[in-house]
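Structure first, commentary second.
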Amino acid sequence: LREEAPVEWVSPSGDVRFSGRLIGGCMDVLEWFHRKATADPRGFIRKYADDGIVWYMETYDMDESRISRMLNGMSDDGWFENVTGFVFGRPLFFKGEDYIGTVCDALSGFDVPKVFGADVGHKAPRMTFINGAVADFDVHGGSCELTYAFDS
């Protein structure tokens, strides 16, 4: 058995609480959708603007410059309008020195919580995040209480 390092959800802002409609996935795939203009999340974002939007992402195999370019491009194209928070899983293969710093620099124009180390993505332990669900995140003491709400 391979020992996994303890999981710790952290935010550069300390303990945070936020909620909104979930949208996201693997950054490697989201980058492809963005570059090819084959997805337009702005309709989803406009439809649920009153709920706020929580973007969750993780990367399989990206480096600092690629992450920065992707996040800046998505921001410039309005993908992060009405964002109330960002949640990032642990990267599986990251090529660089400072994953959190790279992401925070790219998203510095958004004064919302940014959480890292989430249990989502390629790296275990992981769980499924449900796109379209309203999620309430309460990140404190290295862990997260996550509550979902679904429309009837």
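A note on labels: chains of the structure tokens are A, B, ... as shown, every chain counts residues from 1, and ligands are counted from 1 in their shown order.
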
Near-stretch 101-114 of chain A list (8 Å; only C-alpha atoms; drop same-chain fewer than 2 positions) as a VMD selection string | chain A and resid 11 to 13 16 to 18 64 67 to 68 71 to 72 83 to 88 98 to 99 116

Those same residues - N, CA and C atoms - I'd like them written as a tab-separated table (two decimals), in the first residue's frame.
chain	number	residue	atom	x	y	z
A	11	SER	N	-6.83	27.80	2.70
A	11	SER	CA	-7.08	29.03	1.96
A	11	SER	C	-6.07	30.06	2.41
A	12	PRO	N	-5.46	30.79	1.47
A	12	PRO	CA	-4.55	31.86	1.87
A	12	PRO	C	-5.25	32.91	2.75
A	13	SER	N	-6.58	32.95	2.72
A	13	SER	CA	-7.35	33.90	3.53
A	13	SER	C	-7.71	33.35	4.90
A	16	VAL	N	-12.68	30.09	5.72
A	16	VAL	CA	-13.61	30.78	4.81
A	16	VAL	C	-14.90	29.98	4.70
A	17	ARG	N	-15.96	30.71	4.37
A	17	ARG	CA	-17.25	30.08	4.09
A	17	ARG	C	-17.86	30.81	2.89
A	18	PHE	N	-18.37	30.03	1.93
A	18	PHE	CA	-18.97	30.60	0.73
A	18	PHE	C	-19.87	29.57	0.09
A	64	GLU	N	3.19	25.91	-14.59
A	64	GLU	CA	2.80	27.24	-14.11
A	64	GLU	C	2.33	28.16	-15.24
A	67	ILE	N	-1.12	27.09	-16.68
A	67	ILE	CA	-2.20	27.40	-15.74
A	67	ILE	C	-2.50	28.89	-15.76
A	68	SER	N	-1.46	29.70	-15.71
A	68	SER	CA	-1.63	31.15	-15.71
A	68	SER	C	-2.33	31.63	-16.98
A	71	LEU	N	-6.14	30.46	-16.90
A	71	LEU	CA	-6.99	31.20	-15.97
A	71	LEU	C	-7.16	32.65	-16.41
A	72	ASN	N	-6.10	33.27	-16.91
A	72	ASN	CA	-6.22	34.65	-17.41
A	72	ASN	C	-7.13	34.72	-18.62
A	83	VAL	N	-18.55	34.98	-9.70
A	83	VAL	CA	-17.89	33.96	-8.89
A	83	VAL	C	-17.94	34.36	-7.42
A	84	THR	N	-18.22	33.37	-6.57
A	84	THR	CA	-18.23	33.59	-5.12
A	84	THR	C	-17.09	32.84	-4.44
A	85	GLY	N	-16.42	31.95	-5.18
A	85	GLY	CA	-15.29	31.23	-4.63
A	85	GLY	C	-14.70	30.29	-5.66
A	86	PHE	N	-13.44	29.90	-5.40
A	86	PHE	CA	-12.72	28.93	-6.23
A	86	PHE	C	-12.25	27.80	-5.33
A	87	VAL	N	-12.38	26.56	-5.80
A	87	VAL	CA	-11.92	25.39	-5.06
A	87	VAL	C	-11.00	24.59	-5.98
A	88	PHE	N	-9.80	24.32	-5.51
A	88	PHE	CA	-8.81	23.61	-6.33
A	88	PHE	C	-8.41	22.30	-5.66
A	98	ASP	N	5.40	26.66	-7.41
A	98	ASP	CA	4.41	27.24	-6.51
A	98	ASP	C	3.02	27.20	-7.13
A	99	TYR	N	2.32	26.09	-6.96
A	99	TYR	CA	0.98	25.92	-7.51
A	99	TYR	C	0.01	26.96	-6.95
A	116	PHE	N	-7.51	25.42	-1.57
A	116	PHE	CA	-6.62	24.45	-2.20
A	116	PHE	C	-6.59	23.17	-1.37

Find the spatial neighbours of stretch 27-41 of chain A, counting only C-alpha atoms, within a cut-off of 8 Å - ignore same-chain residues fewer than 2 positions away - and output them as an MDAnalysis selection string.
-> chainID A and resid 24:25 43:45 57:62 67 70 74 79

Length of the atom CA of A:Arg90 to atom CA of A:Val115 vector [Å] |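 Separating atom CA of A:Arg90 from atom CA of A:Val115 is a distance of 10.5 Å.
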
If you run DSSP on this backbone, which residues of stretch 4-63 of chain A come out as strand (DSSP E), and could you give them as a ChimeraX atom specification?
-> /A:16-26,53-58,61-63

Got time to write the residues from that selection, all heavy atoms, as a compact mmCIF listing (two decimals), in the first residue's frame?
# COMPACT_ATOMS: atom_id res chain seq x y z
N VAL A 16 -12.68 30.09 5.72
CA VAL A 16 -13.61 30.78 4.81
C VAL A 16 -14.90 29.98 4.70
O VAL A 16 -14.93 28.77 4.89
CB VAL A 16 -13.00 30.98 3.40
CG1 VAL A 16 -11.85 31.97 3.44
CG2 VAL A 16 -12.56 29.67 2.78
N ARG A 17 -15.96 30.71 4.37
CA ARG A 17 -17.25 30.08 4.09
C ARG A 17 -17.86 30.81 2.89
O ARG A 17 -17.86 32.04 2.84
CB ARG A 17 -18.17 30.18 5.29
CG ARG A 17 -19.45 29.42 5.06
CD ARG A 17 -20.27 29.30 6.30
NE ARG A 17 -21.39 28.42 5.99
CZ ARG A 17 -22.14 27.85 6.86
NH1 ARG A 17 -21.93 28.04 8.14
NH2 ARG A 17 -23.13 27.07 6.48
N PHE A 18 -18.37 30.03 1.93
CA PHE A 18 -18.97 30.60 0.73
C PHE A 18 -19.87 29.57 0.09
O PHE A 18 -19.80 28.37 0.42
CB PHE A 18 -17.90 31.08 -0.26
CG PHE A 18 -16.90 30.02 -0.65
CD1 PHE A 18 -17.05 29.32 -1.84
CD2 PHE A 18 -15.81 29.74 0.15
CE1 PHE A 18 -16.13 28.34 -2.20
CE2 PHE A 18 -14.89 28.77 -0.20
CZ PHE A 18 -15.05 28.07 -1.38
N SER A 19 -20.73 30.02 -0.81
CA SER A 19 -21.63 29.09 -1.49
C SER A 19 -21.93 29.59 -2.89
O SER A 19 -21.68 30.75 -3.22
CB SER A 19 -22.94 28.93 -0.70
OG SER A 19 -23.63 30.15 -0.65
N GLY A 20 -22.47 28.69 -3.71
CA GLY A 20 -22.86 29.02 -5.07
C GLY A 20 -23.07 27.76 -5.88
O GLY A 20 -22.88 26.64 -5.39
N ARG A 21 -23.48 27.95 -7.11
CA ARG A 21 -23.66 26.84 -8.05
C ARG A 21 -22.30 26.34 -8.50
O ARG A 21 -21.44 27.12 -8.91
CB ARG A 21 -24.43 27.28 -9.29
CG ARG A 21 -25.84 27.65 -9.05
CD ARG A 21 -26.74 26.47 -9.21
NE ARG A 21 -28.10 26.87 -8.84
CZ ARG A 21 -29.13 26.08 -8.84
NH1 ARG A 21 -28.98 24.82 -9.21
NH2 ARG A 21 -30.30 26.51 -8.48
N LEU A 22 -22.12 25.03 -8.47
CA LEU A 22 -20.85 24.44 -8.87
C LEU A 22 -20.73 24.31 -10.38
O LEU A 22 -21.68 23.90 -11.06
CB LEU A 22 -20.70 23.04 -8.26
CG LEU A 22 -20.36 22.97 -6.80
CD1 LEU A 22 -20.46 21.53 -6.31
CD2 LEU A 22 -18.98 23.52 -6.53
N ILE A 23 -19.55 24.64 -10.87
CA ILE A 23 -19.19 24.40 -12.25
C ILE A 23 -17.67 24.19 -12.28
O ILE A 23 -16.94 24.83 -11.54
CB ILE A 23 -19.61 25.55 -13.19
CG1 ILE A 23 -19.38 25.18 -14.65
CG2 ILE A 23 -18.94 26.85 -12.79
CD1 ILE A 23 -19.97 26.18 -15.63
N GLY A 24 -17.21 23.26 -13.09
CA GLY A 24 -15.77 23.06 -13.18
C GLY A 24 -15.39 21.68 -13.65
O GLY A 24 -16.17 20.98 -14.28
N GLY A 25 -14.17 21.30 -13.29
CA GLY A 25 -13.62 20.01 -13.68
C GLY A 25 -12.11 20.10 -13.83
O GLY A 25 -11.46 20.98 -13.27
N CYS A 26 -11.58 19.20 -14.63
CA CYS A 26 -10.15 19.11 -14.86
C CYS A 26 -9.68 20.29 -15.70
O CYS A 26 -10.21 20.57 -16.78
CB CYS A 26 -9.84 17.79 -15.57
SG CYS A 26 -8.10 17.61 -16.01
N ILE A 53 -21.55 31.72 -8.26
CA ILE A 53 -20.90 30.61 -8.95
C ILE A 53 -19.64 30.21 -8.19
O ILE A 53 -18.82 31.06 -7.85
CB ILE A 53 -20.52 31.00 -10.40
CG1 ILE A 53 -21.74 31.49 -11.18
CG2 ILE A 53 -19.80 29.86 -11.10
CD1 ILE A 53 -22.83 30.44 -11.40
N VAL A 54 -19.50 28.92 -7.92
CA VAL A 54 -18.27 28.38 -7.35
C VAL A 54 -17.60 27.53 -8.43
O VAL A 54 -18.17 26.54 -8.89
CB VAL A 54 -18.54 27.52 -6.09
CG1 VAL A 54 -17.24 26.84 -5.62
CG2 VAL A 54 -19.14 28.37 -4.98
N TRP A 55 -16.41 27.95 -8.82
CA TRP A 55 -15.62 27.18 -9.77
C TRP A 55 -14.73 26.21 -9.00
O TRP A 55 -14.05 26.60 -8.06
CB TRP A 55 -14.73 28.10 -10.61
CG TRP A 55 -15.43 28.67 -11.80
CD1 TRP A 55 -16.11 29.85 -11.87
CD2 TRP A 55 -15.52 28.06 -13.09
NE1 TRP A 55 -16.61 30.01 -13.13
CE2 TRP A 55 -16.27 28.94 -13.91
CE3 TRP A 55 -15.06 26.87 -13.63
CZ2 TRP A 55 -16.56 28.66 -15.24
CZ3 TRP A 55 -15.33 26.58 -14.96
CH2 TRP A 55 -16.07 27.48 -15.74
N TYR A 56 -14.76 24.93 -9.41
CA TYR A 56 -13.83 23.95 -8.85
C TYR A 56 -12.99 23.41 -10.00
O TYR A 56 -13.47 23.21 -11.11
CB TYR A 56 -14.55 22.83 -8.10
CG TYR A 56 -15.29 21.88 -8.98
CD1 TYR A 56 -14.69 20.71 -9.45
CD2 TYR A 56 -16.61 22.13 -9.35
CE1 TYR A 56 -15.37 19.83 -10.27
CE2 TYR A 56 -17.31 21.24 -10.16
CZ TYR A 56 -16.68 20.11 -10.62
OH TYR A 56 -17.35 19.24 -11.44
N MET A 57 -11.70 23.21 -9.72
CA MET A 57 -10.78 22.73 -10.75
C MET A 57 -9.65 21.95 -10.11
O MET A 57 -9.37 22.10 -8.92
CB MET A 57 -10.17 23.92 -11.51
CG MET A 57 -11.15 24.75 -12.28
SD MET A 57 -10.31 26.13 -13.09
CE MET A 57 -11.20 27.50 -12.38
N GLU A 58 -9.02 21.16 -10.93
CA GLU A 58 -7.78 20.47 -10.57
C GLU A 58 -7.05 20.19 -11.86
O GLU A 58 -7.62 20.30 -12.93
CB GLU A 58 -8.07 19.20 -9.76
CG GLU A 58 -9.01 18.22 -10.45
CD GLU A 58 -8.37 17.37 -11.52
OE1 GLU A 58 -7.20 16.96 -11.35
OE2 GLU A 58 -9.01 17.11 -12.53
N ASP A 61 -1.92 17.41 -15.47
CA ASP A 61 -0.53 17.58 -15.88
C ASP A 61 -0.32 18.94 -16.55
O ASP A 61 -0.30 19.03 -17.77
CB ASP A 61 -0.15 16.45 -16.84
CG ASP A 61 1.32 16.45 -17.22
OD1 ASP A 61 2.13 16.99 -16.46
OD2 ASP A 61 1.65 15.90 -18.29
N MET A 62 -0.21 19.98 -15.75
CA MET A 62 0.02 21.32 -16.30
C MET A 62 1.18 21.98 -15.57
O MET A 62 1.50 21.62 -14.45
CB MET A 62 -1.24 22.18 -16.15
CG MET A 62 -2.42 21.70 -17.00
SD MET A 62 -3.92 22.69 -16.74
CE MET A 62 -3.58 24.09 -17.80
N ASP A 63 1.77 22.97 -16.23
CA ASP A 63 2.84 23.74 -15.59
C ASP A 63 2.33 25.14 -15.26
O ASP A 63 1.21 25.51 -15.59
CB ASP A 63 4.10 23.78 -16.45
CG ASP A 63 3.90 24.47 -17.79
OD1 ASP A 63 3.02 25.34 -17.91
OD2 ASP A 63 4.66 24.16 -18.72

Pick from A:Asp15, A:Ala49, A:Ala135, A:His140 nearest to A:Phe80, counting only C-alpha atoms | A:Ala49

Using DSSP on the backbone, list every residue of chain A that comes out as helix (DSSP H, G or I), and give them as a PyMOL selection string.
-> chain A and resi 27-36+42-47+49-51+64-76+99-106

Restricting the calculation to only C-alpha atoms, which member of A:Glu8, A:Arg42, A:Gly142, A:Gly14 is positioned closest to A:Gly78?
-> A:Arg42

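Compared by their closest atoms to A:Gly96, and using only C-alpha atoms, the residues A:Arg126, A:Val134, A:Pro6, A:Ser65 rank with A:Ser65 nearest.
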
Pick out the closest residue to A:Phe150 from this set: A:Val10, A:Asp138, A:Phe93, A:Ile130. Count only C-alpha atoms.
->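 Using only C-alpha atoms, the shortest distance to A:Phe150 belongs to A:Ile130.
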